[in-house]
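Undergrad: Sharing a structure here in structure tokens format.
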Amino acid sequence: MGRFINLVVVLSLSLSFCLLPDKASAQLRRNYYAKTCPNVEKIVRAAVSKKFSQTFVTAPATIRLFFHDCFVQGCDASIMIASSGGKKAEKDHPDNLSLAGDGFDTVNKAKEAVDAIPSCRNKVSCADILAMATRDVIALAGGPSYAVELGRLDGLSSTAASVHGKLPQPFFHLNQLNSLFAAHGLTQTDMIALSGAHTLGFSHCNKFANRIYNFSHKKKVDPTLNQVYASQLQQMCPRNVDPRIAINMDPNTPRKFDNVYYKNLQKGQGLFTSDQVLFTDPRSKPIVNAWATNSQAFNKAFITAITKLGRVGVKTGKNGNIRRNCAAFN
């Protein structure tokens, strides 16, 4: 899942973010489409499975897409909108340019499959399809499956400007991470659990180059980074490396959704500062240690956290609709 821009949270704004998701998410329920499109989850799962069989990138790309969508204006598929008429949409903000195209394609393919059923056409939101697809890729990659709450409408706005300061950055420390997640009603435990999604995916070298080349005046390499791992990173990401080069977030089990992410942190193999700080900061270290030895506890916490994430900024009534094309407003 990518990472992480300084956010100064004004108290009133923080409160609005914390309270609104609870009110709006009241309409979410597991059987939301029981009457309008009863087989929607089966249809989406089939489309996602087909895409996953074509490329594993489907999994990390879809998870990251969901996170980036929910943290900016809520879980409303506003990240899916394409820029047009000289107006830049969310997806074209610098923090979103590294979102892999396979995530967008997964949602679009699932939307096409759903709308191919006459009774389901234009009945299921892109926001809900993204939420279901995220659940499905996690399970396909070996992670836990869980019931997805449905009933989100698609957002009516998507601007690049709205992204600024809303996403966690690779250089964030614990206070910054906690503040950003708390603005969406997510606890430190939720944040640590969602960070575990970095067990999948990849990062471009420039996101962590400072840790292996110019960490400080006294130390070129971040001392919290495992030195052998640091040397491997330098070999994979030499200075002036092709900016398109990307490496795995998890150096040990990069194609499996598991708790090895936390074991990596114990060994100093967190790729980002925002990863490794979860182990080096004594406030978060106990949870890292607990989940490194108990995958069931991690899975349970992850399901709780991603369910709460899915309730953030849900659109209802006149604040949203169901898009015919996920990449364009109706």
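Starting from 1 in every chain, residues are counted up; chains themselves are A, B, ... following the order of the structure tokens, and ligands are numbered from 1 as listed.
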Which residues, written as JSON, numbers by chain, have at least one atom at most 9 Å from Asp190 of chain A, with only C-alpha atoms counted and residues fewer than 5 positions away on the same chain left out?

TA: {"A": [181, 195, 301, 302, 304, 305, 306, 308, 309]}

Undergrad: Need the shell around segment 34-41 of chain A: protein/DNA/RNA residues with any atom at most 12 Å away, counting only C-alpha atoms. Skip same-chain ones fewer than 2 positions apart. Format as a ChimeraX atom specification?

TA: /A:29-32,43-49,110-125,128-136,146-151

Undergrad: Considering only helix (DSSP H, G or I) as DSSP defines it on the backbone, what residues of segment 132-165 of chain A qualify? List them as an MDAnalysis selection string.

TA: chainID A and resid 132:140 160:163

Undergrad: I'd like the interatomic distance between atom CA of Asp69 of chain A and atom CA of Asn206 of chain A, to a tenth of an Å.

TA: 22.8 Å
